[in-house]
$ cat final-v2.cif   # mmCIF, C-alpha atoms
data_start
#
loop_
_atom_site.label_atom_id
_atom_site.label_comp_id
_atom_site.auth_asym_id
_atom_site.auth_seq_id
_atom_site.Cartn_x
_atom_site.Cartn_y
_atom_site.Cartn_z
CA MET I 60 11.45 -43.00 -10.46
CA ILE I 61 8.03 -42.36 -9.03
CA ASP I 62 6.88 -45.00 -6.55
CA GLN I 63 3.80 -47.14 -7.12
CA LYS I 64 1.40 -45.17 -4.93
CA LEU I 65 2.30 -41.85 -6.54
CA TYR I 66 2.19 -43.47 -9.95
CA GLU I 67 -1.37 -44.53 -9.25
CA ARG I 68 -2.39 -41.12 -7.89
CA TYR I 69 -1.14 -39.26 -10.96
CA HIS I 70 -1.71 -42.09 -13.44
CA ARG I 71 -4.23 -40.29 -15.66
CA GLN I 72 -1.88 -37.41 -16.35
CA ILE I 73 1.30 -39.50 -16.49
CA ILE I 74 -0.16 -41.51 -19.39
CA LEU I 75 -0.44 -38.34 -21.46
CA PRO I 76 2.46 -38.67 -23.92
CA GLU I 77 3.47 -34.96 -23.66
CA PHE I 78 3.36 -35.10 -19.87
CA GLY I 79 4.70 -38.49 -18.83
CA GLU I 80 6.63 -39.40 -15.72
CA LYS I 81 9.03 -36.55 -16.48
CA GLY I 82 6.24 -33.99 -16.28
CA GLN I 83 5.07 -35.44 -12.99
CA GLN I 84 8.56 -35.30 -11.54
CA LYS I 85 8.83 -31.63 -12.50
CA LEU I 86 5.56 -30.89 -10.69
CA LEU I 87 6.68 -32.79 -7.60
CA LYS I 88 9.87 -30.74 -7.47
CA ALA I 89 8.13 -27.40 -8.04
CA LYS I 90 7.40 -24.79 -5.40
CA VAL I 91 4.42 -22.52 -6.03
CA LEU I 92 3.25 -19.61 -3.90
CA VAL I 93 -0.44 -18.71 -4.13
CA ILE I 94 -1.31 -15.24 -2.88
CA GLY I 95 -4.93 -14.92 -1.89
CA ALA I 96 -6.97 -18.00 -0.99
CA GLY I 97 -10.20 -16.49 -2.27
CA GLY I 98 -12.19 -16.71 -5.48
CA LEU I 99 -9.19 -17.28 -7.75
CA GLY I 100 -6.86 -18.83 -5.19
CA CYS I 101 -9.20 -21.63 -4.11
CA PRO I 102 -9.72 -23.31 -7.50
CA ALA I 103 -6.08 -22.75 -8.44
CA LEU I 104 -5.01 -24.36 -5.16
CA GLN I 105 -7.36 -27.30 -5.54
CA TYR I 106 -6.04 -28.25 -8.98
CA LEU I 107 -2.38 -27.57 -8.13
CA THR I 108 -2.69 -29.73 -5.03
CA ALA I 109 -4.38 -32.51 -6.96
CA ALA I 110 -1.78 -32.30 -9.75
CA GLY I 111 1.01 -32.90 -7.22
CA ILE I 112 2.94 -29.62 -6.98
CA GLY I 113 5.63 -30.59 -4.44
CA THR I 114 5.45 -27.47 -2.27
CA ILE I 115 2.56 -25.03 -2.13
CA GLY I 116 2.56 -21.84 -0.05
CA ILE I 117 -0.71 -20.04 0.71
CA VAL I 118 -0.66 -16.37 1.74
CA ASP I 119 -3.85 -14.79 3.09
CA ASP I 120 -4.65 -12.87 6.26
CA ASP I 121 -8.39 -12.98 5.73
CA THR I 122 -11.00 -15.20 7.37
CA VAL I 123 -13.81 -17.14 5.72
CA ALA I 124 -17.17 -15.31 5.53
CA LEU I 125 -20.60 -16.58 4.55
CA ASN I 126 -20.64 -14.37 1.43
CA ASN I 127 -17.42 -16.06 0.24
CA LEU I 128 -19.01 -19.48 -0.11
CA HIS I 129 -20.85 -18.87 -3.40
CA ARG I 130 -17.48 -18.80 -5.17
CA GLN I 131 -14.83 -20.07 -2.75
CA VAL I 132 -16.10 -23.63 -2.86
CA LEU I 133 -13.10 -25.05 -0.99
CA TYR I 134 -14.65 -23.87 2.28
CA SER I 135 -17.82 -24.85 4.10
CA VAL I 136 -20.03 -23.16 6.69
CA ASN I 137 -17.95 -24.72 9.45
CA ASP I 138 -14.97 -22.61 8.31
CA ILE I 139 -16.67 -19.24 8.75
CA GLY I 140 -14.53 -16.95 10.89
CA LEU I 141 -11.43 -19.13 10.53
CA SER I 142 -8.18 -18.25 8.76
CA LYS I 143 -8.41 -18.88 5.02
CA ALA I 144 -4.74 -19.80 4.70
CA GLU I 145 -4.91 -22.30 7.55
CA ARG I 146 -8.25 -23.84 6.57
CA ALA I 147 -7.20 -24.11 2.92
CA ALA I 148 -3.92 -25.80 3.90
CA LYS I 149 -5.77 -28.29 6.12
CA ILE I 150 -8.44 -29.17 3.57
CA LEU I 151 -5.96 -29.40 0.69
CA GLN I 152 -3.60 -31.58 2.72
CA GLU I 153 -6.44 -34.09 3.06
CA LEU I 154 -6.82 -34.08 -0.70
CA ASN I 155 -3.13 -34.76 -1.13
CA PRO I 156 -1.08 -35.73 1.95
CA GLU I 157 1.99 -36.49 -0.22
CA ILE I 158 2.87 -32.84 -0.85
CA LYS I 159 4.04 -30.02 1.41
CA ILE I 160 1.54 -27.22 2.04
CA ILE I 161 2.54 -24.15 4.05
CA ALA I 162 0.00 -21.62 5.35
CA TYR I 163 1.07 -18.00 5.82
CA ASN I 164 -1.72 -16.40 7.80
CA GLU I 165 -0.39 -12.91 7.15
CA ARG I 166 -0.89 -9.96 4.87
CA LEU I 167 1.53 -9.65 1.97
CA GLN I 168 3.51 -6.44 2.47
CA ASN I 169 6.73 -4.85 1.24
CA GLN I 170 8.46 -6.21 4.33
CA ASN I 171 7.67 -9.90 3.80
CA ALA I 172 7.16 -10.16 0.03
CA LEU I 173 10.75 -10.58 -1.16
CA MET I 174 11.68 -13.08 1.53
CA LEU I 175 8.58 -15.17 0.82
CA PHE I 176 8.92 -15.06 -2.96
CA ASP I 177 12.55 -16.12 -2.73
CA GLU I 178 11.45 -19.55 -1.44
CA TYR I 179 9.28 -20.32 -4.47
CA ASP I 180 9.67 -20.91 -8.23
CA ILE I 181 6.38 -19.45 -9.42
CA ILE I 182 4.09 -16.84 -7.88
CA ILE I 183 0.31 -16.88 -8.42
CA ASP I 184 -1.60 -13.64 -8.01
CA GLY I 185 -5.13 -14.30 -6.83
CA THR I 186 -5.49 -11.07 -4.83
CA ASP I 187 -8.37 -8.64 -4.95
CA ASN I 188 -6.81 -5.17 -4.97
CA PHE I 189 -4.50 -3.09 -7.12
CA SER I 190 -1.98 -2.15 -4.45
CA THR I 191 -1.09 -5.79 -3.77
CA ARG I 192 -1.14 -6.62 -7.48
CA TYR I 193 1.44 -3.92 -8.28
CA MET I 194 3.55 -4.97 -5.31
CA ILE I 195 3.52 -8.61 -6.45
CA ASN I 196 4.41 -7.62 -10.01
CA ASP I 197 7.35 -5.47 -8.92
CA ALA I 198 8.67 -8.11 -6.52
CA CYS I 199 8.53 -10.73 -9.28
CA VAL I 200 10.47 -8.46 -11.65
CA LEU I 201 13.08 -7.74 -8.97
CA LEU I 202 13.54 -11.44 -8.18
CA ASN I 203 13.07 -12.77 -11.74
CA LYS I 204 10.10 -14.91 -10.73
CA PRO I 205 7.41 -15.95 -13.20
CA LEU I 206 4.00 -14.57 -12.24
CA VAL I 207 0.73 -16.24 -13.12
CA TYR I 208 -1.82 -13.45 -13.09
CA GLY I 209 -5.60 -13.59 -12.96
CA ALA I 210 -8.23 -10.95 -12.24
CA ILE I 211 -11.99 -10.74 -12.51
CA SER I 212 -14.77 -8.22 -12.67
CA GLN I 213 -18.44 -9.15 -12.73
CA PHE I 214 -18.68 -11.56 -15.72
CA GLU I 215 -15.21 -11.10 -17.20
CA GLY I 216 -11.78 -12.42 -16.35
CA GLN I 217 -8.17 -11.81 -17.40
CA VAL I 218 -5.32 -14.35 -17.31
CA SER I 219 -1.66 -13.97 -18.23
CA VAL I 220 1.84 -15.23 -17.49
CA PHE I 221 4.16 -12.33 -16.68
CA ASN I 222 7.89 -12.26 -16.37
CA PRO I 223 8.50 -15.84 -17.56
CA GLN I 224 11.90 -17.31 -16.65
CA PRO I 225 13.99 -18.59 -18.25
CA LEU I 226 13.15 -16.90 -21.54
CA LYS I 227 13.01 -18.88 -24.74
CA GLY I 228 14.91 -17.41 -27.68
CA SER I 229 14.43 -13.70 -28.23
CA VAL I 230 11.26 -13.42 -26.15
CA GLU I 231 11.30 -10.39 -23.87
CA ALA I 232 9.87 -10.68 -20.38
CA VAL I 233 6.63 -8.70 -20.18
CA ASN I 234 5.22 -7.70 -16.82
CA TYR I 235 1.92 -6.21 -15.65
CA ARG I 236 3.28 -2.66 -15.86
CA ASP I 237 3.89 -3.11 -19.58
CA LEU I 238 0.13 -3.37 -19.86
CA PHE I 239 -0.99 -0.98 -17.13
CA PRO I 240 2.08 1.09 -16.16
CA GLU I 241 0.62 2.75 -13.07
CA PRO I 242 -2.14 1.86 -10.64
CA PRO I 243 -5.41 3.61 -11.44
CA LYS I 244 -6.08 6.72 -9.44
CA GLU I 245 -9.23 7.44 -7.54
CA GLY I 246 -12.18 7.48 -9.90
CA GLU I 247 -10.34 5.98 -12.87
CA VAL I 248 -11.61 2.52 -12.17
CA LEU I 249 -15.30 2.93 -12.04
CA ASN I 250 -16.12 -0.08 -9.99
CA CYS I 251 -13.74 0.31 -7.12
CA ALA I 252 -16.02 -1.18 -4.54
CA GLU I 253 -17.16 -4.76 -4.89
CA ALA I 254 -19.10 -4.77 -8.15
CA GLY I 255 -20.35 -8.31 -7.74
CA VAL I 256 -19.19 -11.48 -9.42
CA LEU I 257 -20.83 -14.59 -10.78
CA GLY I 258 -19.59 -17.40 -8.51
CA VAL I 259 -18.50 -19.69 -11.32
CA LEU I 260 -16.29 -17.04 -13.00
CA PRO I 261 -13.37 -17.14 -10.53
CA GLY I 262 -13.72 -20.93 -10.73
CA ILE I 263 -13.02 -20.77 -14.47
CA ILE I 264 -10.28 -18.13 -14.29
CA GLY I 265 -8.60 -19.69 -11.22
CA THR I 266 -8.59 -23.07 -12.95
CA MET I 267 -7.02 -21.46 -16.02
CA MET I 268 -4.32 -20.03 -13.73
CA ALA I 269 -3.60 -23.54 -12.42
CA ASN I 270 -3.42 -24.76 -16.02
CA GLU I 271 -0.92 -22.02 -16.97
CA THR I 272 1.18 -22.90 -13.92
CA ILE I 273 1.26 -26.59 -14.80
CA LYS I 274 2.21 -25.78 -18.42
CA LEU I 275 4.99 -23.47 -17.25
CA ILE I 276 6.47 -26.10 -14.94
CA THR I 277 6.20 -29.07 -17.27
CA GLY I 278 7.02 -27.18 -20.45
CA ILE I 279 4.02 -28.53 -22.36
CA GLY I 280 1.79 -26.45 -24.62
CA GLU I 281 1.89 -22.71 -24.97
CA PRO I 282 1.49 -20.76 -21.74
CA LEU I 283 0.08 -17.22 -22.02
CA ILE I 284 3.53 -15.65 -22.29
CA ASN I 285 3.30 -12.10 -23.66
CA GLN I 286 -0.43 -12.56 -24.05
CA LEU I 287 -3.42 -11.53 -22.01
CA LEU I 288 -6.48 -13.71 -22.30
CA THR I 289 -9.86 -12.24 -21.52
CA TYR I 290 -12.89 -14.42 -21.03
CA ASN I 291 -16.51 -13.34 -20.93
CA ALA I 292 -18.75 -15.75 -19.05
CA LEU I 293 -21.94 -14.33 -20.58
CA ASN I 294 -21.14 -14.93 -24.24
CA ASN I 295 -18.08 -17.22 -24.01
CA GLN I 296 -16.04 -14.73 -26.02
CA VAL I 297 -12.31 -15.21 -25.62
CA TYR I 298 -9.99 -12.39 -26.67
CA LEU I 299 -6.21 -12.79 -26.80
CA LEU I 300 -4.21 -9.60 -26.58
CA ASN I 301 -0.54 -9.53 -27.59
CA LEU I 302 1.73 -7.74 -25.17
CA SER I 303 5.20 -6.38 -25.63
CA ALA I 304 7.85 -5.12 -23.23
CA LYS I 305 8.30 -1.37 -23.01
CA LYS I 306 11.51 0.46 -22.19
CA GLU I 307 9.87 2.98 -19.90
CA THR I 308 8.34 0.27 -17.69
CA ARG I 309 11.59 -0.49 -15.93
CA SER I 310 11.79 3.04 -14.52
CA LEU I 311 8.47 2.49 -12.70
CA ILE I 312 9.70 -0.57 -10.85
CA PRO I 313 11.87 -0.16 -7.72
CA LYS I 314 15.45 -0.71 -8.78
CA ASP I 315 16.54 -2.74 -5.75
CA GLU I 316 15.36 -4.26 -2.49
CA LYS I 317 15.79 -1.01 -0.57
CA ALA I 318 13.71 0.98 -3.07
CA PHE I 319 11.09 -1.79 -3.00
CA LEU I 320 10.80 -1.58 0.80
CA GLU I 321 10.31 2.18 0.59
CA MET I 322 7.65 2.02 -2.13
CA ASP I 323 4.15 2.97 -1.01
CA TYR I 324 1.76 0.54 -2.64
CA VAL I 325 -1.22 1.39 -0.54
CA TRP I 326 -3.55 2.83 -3.04
CA LEU I 327 -6.85 4.43 -2.22
CA CYS I 328 -8.96 1.96 -4.14
CA SER I 329 -7.76 -0.89 -1.97
CA SER I 330 -9.46 0.70 0.97
CA PRO I 331 -13.18 0.87 1.61
CA VAL I 332 -12.52 4.25 3.22
CA GLN I 333 -12.84 5.81 -0.20
CA GLN I 334 -16.60 5.45 -0.01
CA SER I 335 -16.55 7.53 3.14
CA GLU I 336 -15.30 10.65 1.42
CA ILE I 337 -17.90 13.40 1.62
CA ASP I 338 -18.23 16.69 -0.22
CA SER I 339 -18.90 20.13 1.25
CA ASP I 340 -22.70 19.82 0.94
CA ILE I 341 -22.90 16.55 2.85
CA PHE I 342 -20.35 17.90 5.32
CA ASN I 343 -22.62 20.89 6.06
CA ASP I 344 -25.70 18.66 6.36
CA MET I 345 -23.89 16.43 8.85
CA ILE I 346 -22.91 19.41 10.99
CA THR I 347 -26.56 20.53 11.02
CA ASN I 348 -27.75 17.04 11.96
CA GLY I 349 -25.35 16.86 14.91
CA ASN I 350 -23.92 13.81 16.71
CA VAL I 351 -20.65 14.30 14.87
CA ASP I 352 -17.10 15.09 15.95
CA ILE I 353 -15.05 17.05 13.43
CA ILE I 354 -11.30 16.62 13.60
CA ASP I 355 -8.71 18.97 12.12
CA VAL I 356 -5.78 16.63 11.44
CA ARG I 357 -3.45 19.41 10.23
CA GLU I 358 -0.45 20.44 12.26
CA PRO I 359 -1.00 23.39 14.66
CA HIS I 360 -0.72 26.84 13.00
CA GLU I 361 -1.57 25.56 9.53
CA MET I 362 -3.67 28.08 7.63
CA PRO I 363 -6.43 28.82 6.82
CA ALA I 364 -7.76 28.97 10.35
CA VAL I 365 -11.20 27.49 10.86
CA ASN I 366 -13.77 29.25 13.05
CA GLU I 367 -16.93 28.49 11.09
CA PHE I 368 -17.69 25.26 12.97
CA LYS I 369 -16.75 23.51 16.18
CA HIS I 370 -13.90 21.04 15.80
CA ILE I 371 -11.12 19.23 17.67
CA LYS I 372 -7.49 19.65 16.66
CA ILE I 373 -5.54 16.38 16.55
CA PRO I 374 -2.62 16.36 14.08
CA LEU I 375 -2.40 13.20 11.97
CA SER I 376 0.87 12.22 13.68
CA GLN I 377 -0.82 12.15 17.10
CA LEU I 378 -4.11 10.63 16.07
CA GLY I 379 -3.53 7.15 17.47
CA ASP I 380 -2.74 8.43 20.98
CA ASN I 381 -5.64 10.88 21.14
CA SER I 382 -8.52 8.90 19.70
CA SER I 383 -10.18 8.87 23.16
CA LEU I 384 -11.02 12.57 22.60
CA ILE I 385 -13.51 11.46 19.97
CA LYS I 386 -16.89 10.73 21.52
CA SER I 387 -19.60 11.05 18.88
CA LYS I 388 -20.92 8.20 16.75
CA ASN I 389 -19.92 10.01 13.56
CA VAL I 390 -16.46 11.39 12.87
CA ILE I 391 -15.30 13.63 10.02
CA ALA I 392 -11.62 14.31 9.50
CA PHE I 393 -10.44 17.28 7.46
CA CYS I 394 -7.09 18.70 6.43
CA GLN I 395 -5.86 21.11 3.80
CA SER I 396 -6.55 19.15 0.60
CA GLY I 397 -8.34 15.98 1.72
CA LYS I 398 -5.32 13.71 1.45
CA ARG I 399 -4.16 13.52 5.05
CA SER I 400 -7.75 13.36 6.27
CA LEU I 401 -8.23 10.28 4.12
CA GLN I 402 -5.25 8.69 5.82
CA ALA I 403 -6.69 9.80 9.16
CA ALA I 404 -10.04 8.23 8.27
CA LYS I 405 -8.22 4.99 7.52
CA ILE I 406 -6.45 5.05 10.89
CA LEU I 407 -9.63 5.95 12.80
CA SER I 408 -11.64 3.25 11.01
CA GLY I 409 -8.97 0.82 12.17
CA ILE I 410 -9.29 2.01 15.77
CA PHE I 411 -13.08 2.26 15.99
CA GLY I 412 -14.10 -0.55 13.64
CA ASP I 413 -17.87 -0.73 13.36
CA THR I 414 -18.52 1.34 16.49
CA LYS I 415 -18.16 4.69 14.69
CA LYS I 416 -18.67 5.95 11.16
CA VAL I 417 -15.60 7.79 9.92
CA TYR I 418 -15.60 10.23 7.00
CA SER I 419 -13.06 12.43 5.25
CA LEU I 420 -13.83 15.84 3.76
CA ARG I 421 -13.00 15.63 0.05
CA GLY I 422 -10.92 18.55 -1.21
CA GLY I 423 -10.11 19.60 2.33
CA ILE I 424 -10.84 22.88 4.06
CA VAL I 425 -9.57 24.86 1.06
CA GLN I 426 -12.30 23.37 -1.15
CA TRP I 427 -14.89 23.81 1.59
CA LYS I 428 -14.09 27.52 1.96
CA GLN I 429 -14.27 27.97 -1.81
CA ASP I 430 -17.65 26.24 -1.98
CA ARG I 431 -18.90 28.40 0.85
CA ALA I 432 -17.73 31.59 -0.84
CA LYS I 433 -19.44 30.49 -4.06
CA GLN I 434 -22.73 29.88 -2.28
CA ALA I 435 -22.57 33.24 -0.52
CA SER I 436 -21.95 35.17 -3.73
CA MET F 84 -15.62 4.20 -42.58
CA SER F 85 -16.30 2.33 -39.38
CA VAL F 86 -13.95 0.04 -37.53
CA LYS F 87 -15.00 -2.78 -35.24
CA ILE F 88 -14.90 -1.80 -31.58
CA ILE F 89 -14.74 -4.24 -28.66
CA LEU F 90 -15.29 -2.93 -25.15
CA PHE F 91 -14.50 -4.74 -21.92
CA GLY F 92 -15.54 -4.50 -18.29
CA LYS F 93 -17.11 -1.30 -17.11
CA LEU F 94 -16.65 0.34 -20.52
CA ALA F 95 -19.01 -2.19 -22.09
CA GLU F 96 -21.45 -1.56 -19.29
CA ILE F 97 -21.36 2.22 -19.81
CA ALA F 98 -21.88 1.89 -23.55
CA GLY F 99 -24.55 -0.78 -23.04
CA GLY F 100 -24.41 -2.75 -26.28
CA THR F 101 -22.71 -2.57 -29.65
CA VAL F 102 -20.77 0.59 -30.33
CA SER F 103 -19.93 2.04 -33.71
CA VAL F 104 -18.17 5.21 -34.70
CA ASP F 105 -18.14 6.46 -38.27
CA ASN F 106 -15.44 8.31 -40.16
CA VAL F 107 -12.47 8.07 -37.89
CA ALA F 108 -8.99 8.09 -39.39
CA ASP F 109 -7.02 7.14 -36.31
CA THR F 110 -7.27 5.92 -32.71
CA ASP F 111 -7.19 9.43 -31.23
CA SER F 112 -10.25 10.54 -33.17
CA LEU F 113 -11.96 7.26 -32.31
CA ILE F 114 -11.38 7.85 -28.58
CA ASN F 115 -12.54 11.46 -28.91
CA ALA F 116 -15.73 10.34 -30.60
CA LEU F 117 -16.36 7.70 -27.94
CA GLU F 118 -15.74 10.21 -25.15
CA LYS F 119 -18.27 12.53 -26.74
CA ASP F 120 -20.88 9.76 -26.89
CA TYR F 121 -20.03 8.36 -23.46
CA PRO F 122 -18.59 11.11 -21.22
CA GLU F 123 -17.87 8.58 -18.45
CA PHE F 124 -15.09 7.17 -20.65
CA THR F 125 -13.00 10.24 -19.87
CA LYS F 126 -12.85 9.16 -16.23
CA ALA F 127 -11.93 5.56 -16.96
CA LYS F 128 -8.51 3.99 -17.25
CA TYR F 129 -7.94 1.52 -20.07
CA VAL F 130 -5.50 0.37 -22.72
CA VAL F 131 -6.19 0.57 -26.43
CA ALA F 132 -5.37 -2.31 -28.75
CA VAL F 133 -5.54 -2.35 -32.53
CA ASP F 134 -5.89 -5.84 -33.98
CA LYS F 135 -4.96 -7.39 -30.62
CA GLN F 136 -1.77 -5.35 -30.27
CA VAL F 137 -1.58 -2.80 -27.45
CA ILE F 138 -0.75 0.68 -28.79
CA LYS F 139 0.73 3.65 -26.97
CA GLU F 140 0.56 6.31 -29.66
CA ASN F 141 -2.04 7.52 -32.11
CA THR F 142 -2.46 4.86 -34.79
CA ALA F 143 -4.01 5.14 -38.23
CA LEU F 144 -7.10 2.98 -38.76
CA ASN F 145 -8.71 1.34 -41.75
CA LYS F 146 -12.04 -0.43 -41.87
CA LYS F 147 -10.49 -3.86 -41.45
CA ASN F 148 -9.12 -2.93 -38.01
CA THR F 149 -10.59 -4.04 -34.74
CA VAL F 150 -10.04 -1.72 -31.80
CA ALA F 151 -10.34 -3.01 -28.24
CA LEU F 152 -10.57 -0.91 -25.07
CA LEU F 153 -9.57 -2.84 -22.01
CA PRO F 154 -9.75 -1.59 -18.41
CA PRO F 155 -7.72 -3.13 -15.59
CA PHE F 156 -9.53 -5.58 -13.29
CA SER F 157 -8.63 -5.98 -9.66
CA GLY F 158 -11.12 -8.59 -8.42
CA GLY F 159 -10.08 -11.98 -7.17
#
$ encode --input "final-v2.cif" --output "structure tokens"
Amino acid sequence: MIDQKLYERYHRQIILPEFGEKGQQKLLKAKVLVIGAGGLGCPALQYLTAAGIGTIGIVDDDTVALNNLHRQVLYSVNDIGLSKAERAAKILQELNPEIKIIAYNERLQNQNALMLFDEYDIIIDGTDNFSTRYMINDACVLLNKPLVYGAISQFEGQVSVFNPQPLKGSVEAVNYRDLFPEPPKEGEVLNCAEAGVLGVLPGIIGTMMANETIKLITGIGEPLINQLLTYNALNNQVYLLNLSAKKETRSLIPKDEKAFLEMDYVWLCSSPVQQSEIDSDIFNDMITNGNVDIIDVREPHEMPAVNEFKHIKIPLSQLGDNSSLIKSKNVIAFCQSGKRSLQAAKILSGIFGDTKKVYSLRGGIVQWKQDRAKQAS
Amino acid sequence: MSVKIILFGKLAEIAGGTVSVDNVADTDSLINALEKDYPEFTKAKYVVAVDKQVIKENTALNKKNTVALLPPFSGG
């Protein structure tokens, strides 16, 4: 039985015949983990808190910024610079002191994902990058956890319920990889960088995610199982896509915990470094303009040798210890093919922050030499 | 014969408005025709659905079909 105070708090939903006191009790017993307390996470969290989900976990390592406030309406100007997870937990607890809210002010990674997910019944993906989205999907498949998925781009949003458990009848569990088997590679998603978003859109999609979660827990209605809903805020068009499980999907997902821990989910698009890739022409211009340190991050003795321009040799493996050798305001890393230098650019951006501009030579020294030969001929 | 085409996300933005392709017998020729009209499509990742069902292989089309091209979104 629900006591009088709780009965009053949840009265308006308890009186719904399909929902009732039973539905409320299910919510109060449920444990939901929300990953990302941003555009999607905030509205989802607000409604889940209000609805009386018994335990809510909030994972986010980000802090509140002024440009978040047009869509993340949970926060106010006083929260700028503070941990999203902690502020959200505090504000939500004031909305509903009767439930348990746990803030995880940390980044979701291979190392903590499985342990965290294990504590919860349903996982909500409100993240903003593909690498974390694929990691969350795979962890949910490994642990048999239902995943409420939402994603947005400009004026459009997608919502779905992946990997529902337990399954009703002959329904097969569909996961995100049944729809998009592999993360997009560089250039395949055209709007990698922040493409902009209408503030109200994550409000709508995040609220839909809360709705799907509540339906899953209480068993009312028809959650978006094996369906992907797309919503267009400009013309109010809703499109429901039917999804089905695919045999080959399973081979893309790590088969056990060990394989999951070894999986590299860091995908280029998740990093702003991608914008700092430069081609041979810009590379040459930057050398001419000066005030730039060029770093060869290949191992010693790697060929081809470079004597066309001045550079410093710091192999990728020793970059962290030798960053003091870099003095100029601009830094360009290069390697053989442009892959390791991109990693190097990521590391150096981490070390220097806003104090230096770090670039990576796209295509590496091999491409650069080819371009140079072409121009000479 | 022209089928109904629905584009989402960046694909809709590239095409900029209603898209129609005439005389295509199957999804492969539809995609080829679209890629010819909008070369940026070749660089995009998306799934193809015929009448709201995601397809993996070339699928025959008739004029009653609706084909949707849906890119992944990452924003949150």
$ interface_residues --input "final-v2.cif" --of "chain I" --to "chain F" --cutoff "9 Å" --atoms "all atoms listed in the file" --output "PyMOL selection string"
chain I and resi 95+97-100+184-189+192+209-217+238-239+242-244+246-251+253-254+256+261+265+289+291+298-303
$ resolve_selection --input "final-v2.cif" --expression "the PyMOL selection byres ((chain I and resi 166-180) around 6)" --output "ChimeraX atom specification"
/I:90-91,119-120,165,181,320
$ atom_distance --input "final-v2.cif" --atom1 "atom CA of Ile117 of chain I" --atom2 "atom CA of Ile74 of chain I"
29.4 Å
$ axis_aligned_box --input "final-v2.cif" --around "segment 166-182 of chain I" --padding-each-side "8 Å" --output "lines of an AutoDock Vina configuration file"
center_x = 5.8
center_y = -12.9
center_z = -2.3
size_x = 29.4
size_y = 32.1
size_z = 30.3
$ closest_residue --input "final-v2.cif" --among "F:Gly99, F:Ser112, F:Tyr121, F:Lys147" --to "Ser85 of chain F" --atoms "only C-alpha atoms"
F:Lys147
$ resolve_selection --input "final-v2.cif" --expression "the PyMOL selection byres ((chain I and resi 283) around 8)" --output "PyMOL selection string"
chain I and resi 218-220+271+281-282+284-288
$ atom_distance --input "final-v2.cif" --atom1 "atom CA of Lys386 of chain I" --atom2 "atom CA of Met362 of chain I"
25.9 Å
$ atom_distance --input "final-v2.cif" --atom1 "atom CA of Asn141 of chain F" --atom2 "atom CA of Leu113 of chain F"
9.9 Å
$ closest_residue --input "final-v2.cif" --among "F:Pro122, F:Ala143, F:Ile114, F:Ala108" --to "Ile88 of chain F" --atoms "all atoms listed in the file"
F:Ile114
$ resolve_selection --input "final-v2.cif" --expression "the PyMOL selection byres ((chain I and resi 363) around 8)" --output "list of chain:residue names"
I:Glu361, I:Met362, I:Ala364, I:Val365, I:Ile424, I:Val425
$ build_atoms --input "final-v2.cif" --residues "segment 142-153 of chain F" --atoms "N, CA and C atoms" --output "PDB file, keeping the file's coordinate frame"
ATOM      1  N   THR F 142      -2.693   5.840 -33.730  1.00  0.00           N
ATOM      2  CA  THR F 142      -2.460   4.860 -34.790  1.00  0.00           C
ATOM      3  C   THR F 142      -3.516   4.996 -35.880  1.00  0.00           C
ATOM      4  N   ALA F 143      -3.071   5.022 -37.111  1.00  0.00           N
ATOM      5  CA  ALA F 143      -4.010   5.140 -38.230  1.00  0.00           C
ATOM      6  C   ALA F 143      -4.888   3.895 -38.318  1.00  0.00           C
ATOM      7  N   LEU F 144      -6.145   4.098 -38.701  1.00  0.00           N
ATOM      8  CA  LEU F 144      -7.100   2.980 -38.760  1.00  0.00           C
ATOM      9  C   LEU F 144      -7.657   2.820 -40.167  1.00  0.00           C
ATOM     10  N   ASN F 145      -7.901   1.571 -40.562  1.00  0.00           N
ATOM     11  CA  ASN F 145      -8.710   1.340 -41.750  1.00  0.00           C
ATOM     12  C   ASN F 145      -9.867   0.435 -41.365  1.00  0.00           C
ATOM     13  N   LYS F 146     -10.795   0.227 -42.284  1.00  0.00           N
ATOM     14  CA  LYS F 146     -12.040  -0.430 -41.870  1.00  0.00           C
ATOM     15  C   LYS F 146     -11.880  -1.912 -41.539  1.00  0.00           C
ATOM     16  N   LYS F 147     -10.717  -2.456 -41.810  1.00  0.00           N
ATOM     17  CA  LYS F 147     -10.490  -3.860 -41.450  1.00  0.00           C
ATOM     18  C   LYS F 147     -10.023  -3.991 -39.994  1.00  0.00           C
ATOM     19  N   ASN F 148      -9.666  -2.869 -39.378  1.00  0.00           N
ATOM     20  CA  ASN F 148      -9.120  -2.930 -38.010  1.00  0.00           C
ATOM     21  C   ASN F 148     -10.183  -3.216 -36.960  1.00  0.00           C
ATOM     22  N   THR F 149      -9.753  -3.881 -35.920  1.00  0.00           N
ATOM     23  CA  THR F 149     -10.590  -4.040 -34.740  1.00  0.00           C
ATOM     24  C   THR F 149      -9.893  -3.333 -33.585  1.00  0.00           C
ATOM     25  N   VAL F 150     -10.620  -2.457 -32.916  1.00  0.00           N
ATOM     26  CA  VAL F 150     -10.040  -1.720 -31.800  1.00  0.00           C
ATOM     27  C   VAL F 150     -10.671  -2.223 -30.499  1.00  0.00           C
ATOM     28  N   ALA F 151      -9.823  -2.544 -29.532  1.00  0.00           N
ATOM     29  CA  ALA F 151     -10.340  -3.010 -28.240  1.00  0.00           C
ATOM     30  C   ALA F 151      -9.923  -2.042 -27.138  1.00  0.00           C
ATOM     31  N   LEU F 152     -10.842  -1.764 -26.238  1.00  0.00           N
ATOM     32  CA  LEU F 152     -10.570  -0.910 -25.070  1.00  0.00           C
ATOM     33  C   LEU F 152     -10.717  -1.764 -23.819  1.00  0.00           C
ATOM     34  N   LEU F 153      -9.624  -1.868 -23.097  1.00  0.00           N
ATOM     35  CA  LEU F 153      -9.570  -2.840 -22.010  1.00  0.00           C
ATOM     36  C   LEU F 153      -9.193  -2.204 -20.680  1.00  0.00           C
TER      37      LEU F 153
END
